[in-house]
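J.: Here it is, the structure, as structure tokens.
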Amino acid sequence: MVGMLLTGGAGAAAVAAGYQSMAPGGQLFGRTFTSLPRGTRQLALTYDDGPNDPHTLRLVEVLARHSVRATFFLIGSRVQQRSDIVREIAAAGHVIGNHTFTHPLLTFKSDSEIRREISDCGSVLRDVIGEHANLFRPPFGGRRPAVLRIARELGLEPVMWNVTGYDWGAPPAETIERKVANQIRGGDVILLHDGGHKQMGADRSQTVLATDRLISRYKSEGYEFLTIPQMLQLSTRQRQSQLSGAIR
């Protein structure tokens, strides 16, 4: 009986650890930024797996029309392919973060492979646009303690999300919008995709259309769209204010 209990406990722990390694909000393996406190009137649009031709630039046009800046987590090998698109993203005032060089699941990579993936992406981004945001998002959200430790050793802030658009299969814009809307509570970091990790040219036309609709909808409801650095600054100010109030 004791052996069965121990075996069962070990299995449950393994399942929990596996969940935490992929769950966007999981903090078991280390702190990551996922959102502002629930109920605040800010939202952040984030896009993974670009640059992607032609949909990244179409997305940039939509964002410009609404005067919204977003955060793009780019794949280094794609940056090499289409550095021109990356320069357009930067010139439009959007924030650019690190999404590794080849988009592997880092959970199963060695420390040296993790470091190389993140470093190589950072190097190509510096070659193309110079200094960029010190933000890192692990592909698929996959992480273990070494992933977060190495990212921080390289001077990067790990960023996850708490709202998912489930747009990687290119569903209709209405579906993307509905899935996002069902999760919005305020202070949210929204995960969408302007590219696809398997190949250049992934169809993201419905994500572009959904972005247009989401911005119109939530601006009309009084929400403000921020970049991730702006959210991080706001989060820091909120914590400092709480600490100051507790001391008084």
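We label chains A, B, ... in the order they appear in the structure tokens, count residues from 1 in each chain, and number ligands from 1 in the order shown.
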Report as JSON lines: every residue of segment 138-193 of chain A with an atom at most 12 Å from segment 90-104 of chain A, its closest pair of atoms, and their distance in Å to one decimal, counting only C-alpha atoms, with rows sorted by chain and ascending residue number.
T.:
{"residue": "A:Pro138", "atom": "CA", "partner": "A:His99", "partner_atom": "CA", "distance": 6.0}
{"residue": "A:Pro139", "atom": "CA", "partner": "A:His103", "partner_atom": "CA", "distance": 5.5}
{"residue": "A:Phe140", "atom": "CA", "partner": "A:His103", "partner_atom": "CA", "distance": 8.3}
{"residue": "A:Gly141", "atom": "CA", "partner": "A:His99", "partner_atom": "CA", "distance": 10.1}
{"residue": "A:Gly142", "atom": "CA", "partner": "A:Pro104", "partner_atom": "CA", "distance": 9.0}
{"residue": "A:Arg143", "atom": "CA", "partner": "A:Pro104", "partner_atom": "CA", "distance": 10.9}
{"residue": "A:Val147", "atom": "CA", "partner": "A:Thr100", "partner_atom": "CA", "distance": 11.3}
{"residue": "A:Ala151", "atom": "CA", "partner": "A:Asn98", "partner_atom": "CA", "distance": 9.9}
{"residue": "A:Leu154", "atom": "CA", "partner": "A:Asn98", "partner_atom": "CA", "distance": 11.2}
{"residue": "A:Gly155", "atom": "CA", "partner": "A:Asn98", "partner_atom": "CA", "distance": 11.4}
{"residue": "A:Leu156", "atom": "CA", "partner": "A:Asn98", "partner_atom": "CA", "distance": 8.6}
{"residue": "A:Glu157", "atom": "CA", "partner": "A:Gly97", "partner_atom": "CA", "distance": 9.6}
{"residue": "A:Pro158", "atom": "CA", "partner": "A:Asn98", "partner_atom": "CA", "distance": 9.5}
{"residue": "A:Val159", "atom": "CA", "partner": "A:Gly97", "partner_atom": "CA", "distance": 9.4}
{"residue": "A:Met160", "atom": "CA", "partner": "A:His99", "partner_atom": "CA", "distance": 11.3}
J.: Store the residues picked out above, limited to C-alpha atoms, as a tab-separated table (two decimals), in the first residue's frame.
T.:
chain	number	residue	atom	x	y	z
A	138	PRO	CA	9.74	30.44	-24.98
A	139	PRO	CA	8.31	28.62	-28.01
A	140	PHE	CA	5.07	26.77	-27.19
A	141	GLY	CA	5.45	28.29	-23.70
A	142	GLY	CA	7.70	25.32	-22.90
A	143	ARG	CA	10.12	25.89	-20.05
A	147	VAL	CA	15.23	27.97	-19.53
A	151	ALA	CA	17.20	33.78	-20.24
A	154	LEU	CA	21.35	36.76	-20.88
A	155	GLY	CA	19.56	39.83	-19.55
A	156	LEU	CA	16.08	38.90	-20.76
A	157	GLU	CA	12.71	39.07	-19.01
A	158	PRO	CA	10.53	35.97	-19.62
A	159	VAL	CA	7.05	36.90	-20.83
A	160	MET	CA	4.07	34.57	-21.12
J.: Please return as a CSV table (one decimal) with C-alpha atoms, in the first residue's frame: the residues of segment 40-246 of chain A that backbone DSSP assigns to strand (DSSP E or B).
T.:
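Output file states-v2.csv is given in full below:
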chain,number,residue,atom,x,y,z
A,42,GLN,CA,-5.2,47.8,-20.1
A,43,LEU,CA,-4.6,45.1,-22.7
A,44,ALA,CA,-1.5,44.0,-24.5
A,45,LEU,CA,-1.5,42.5,-28.0
A,46,THR,CA,1.4,40.1,-28.6
A,47,TYR,CA,2.3,38.2,-31.8
A,48,ASP,CA,4.6,35.2,-32.1
A,49,ASP,CA,6.4,33.4,-34.9
A,50,GLY,CA,7.1,36.2,-37.4
A,71,THR,CA,4.8,43.4,-29.0
A,72,PHE,CA,6.3,40.9,-31.6
A,73,PHE,CA,8.3,37.9,-30.5
A,74,LEU,CA,10.3,37.0,-33.6
A,95,VAL,CA,8.4,46.3,-29.5
A,96,ILE,CA,10.4,43.3,-30.7
A,97,GLY,CA,11.3,40.4,-28.4
A,98,ASN,CA,13.3,37.1,-28.6
A,135,LEU,CA,12.0,40.3,-23.6
A,136,PHE,CA,11.9,36.5,-24.2
A,157,GLU,CA,12.7,39.1,-19.0
A,158,PRO,CA,10.5,36.0,-19.6
A,159,VAL,CA,7.1,36.9,-20.8
A,163,VAL,CA,-5.4,35.0,-23.0
A,164,THR,CA,-5.0,32.8,-26.0
A,188,ASP,CA,-4.6,40.8,-20.1
A,189,VAL,CA,-1.7,39.8,-22.3
A,190,ILE,CA,-3.2,38.3,-25.5
A,191,LEU,CA,-1.3,35.7,-27.5
A,192,LEU,CA,-1.8,35.8,-31.3
A,193,HIS,CA,0.4,34.8,-34.2
A,224,GLU,CA,-6.1,51.0,-23.5
A,225,PHE,CA,-3.6,49.0,-25.5
A,226,LEU,CA,-0.1,48.8,-24.2
J.: May I ask for the distance between atom CA of Arg87 of chain A and atom CA of Met200 of chain A, given in Å to one decimal place?
T.: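 Interatomic distance here is 17.1 Å.
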J.: Compile the contact shell of Ser21 of chain A as a PyMOL selection string: residues with an atom at most 12 Å away, counting only C-alpha atoms, same-chain residues fewer than 2 positions apart removed.
T.: chain A and resi 14-19+23-30+32+105-108+138-148+160
J.: Select, from A:Ala70, A:Val128, A:Leu214, A:Val86, the residue with the minimum atom-to-atom distance to Asn182 of chain A, counting only C-alpha atoms.
T.: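 Checking each candidate against Asn182 of chain A, we get A:Leu214 as the closest.
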J.: Could you pull the residues within 10 Å of His66 of chain A, counting only C-alpha atoms, minus those fewer than 4 positions along the same chain, as a list in words?
T.: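 Once the nearby chain positions are removed, what remains is Glu61, Val62, Asp212, Ile215, Ser216 and Lys219 of chain A.
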J.: Which of segment 39-201 of chain A counts as helix (DSSP H, G or I) under DSSP, as a ChimeraX atom specification please?
T.: /A:55-65,76-81,83-91,106-108,111-129,139-141,145-153,173-181
J.: Taking only C-alpha atoms into account, name the residue in A:Gln183, A:Gln238, A:Thr34, A:Thr207 that is nearest to Leu59 of chain A.
T.: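 Using only C-alpha atoms, the shortest distance to Leu59 of chain A belongs to A:Thr207.
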J.: Find the residues near Ile85 of chain A: any atom within 9 Å, counting only C-alpha atoms, skip ones fewer than 2 places away on the same chain, and give them as number ranges by chain.
T.: A: 51-53, 56-57, 79, 82-83, 87-90
J.: What separation in Å, quoted to one decimal, exists between atom CA of Val124 of chain A and atom CA of Gln81 of chain A?
T.: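 Calculated distance between atom CA of Val124 of chain A and atom CA of Gln81 of chain A is 10.7 Å.
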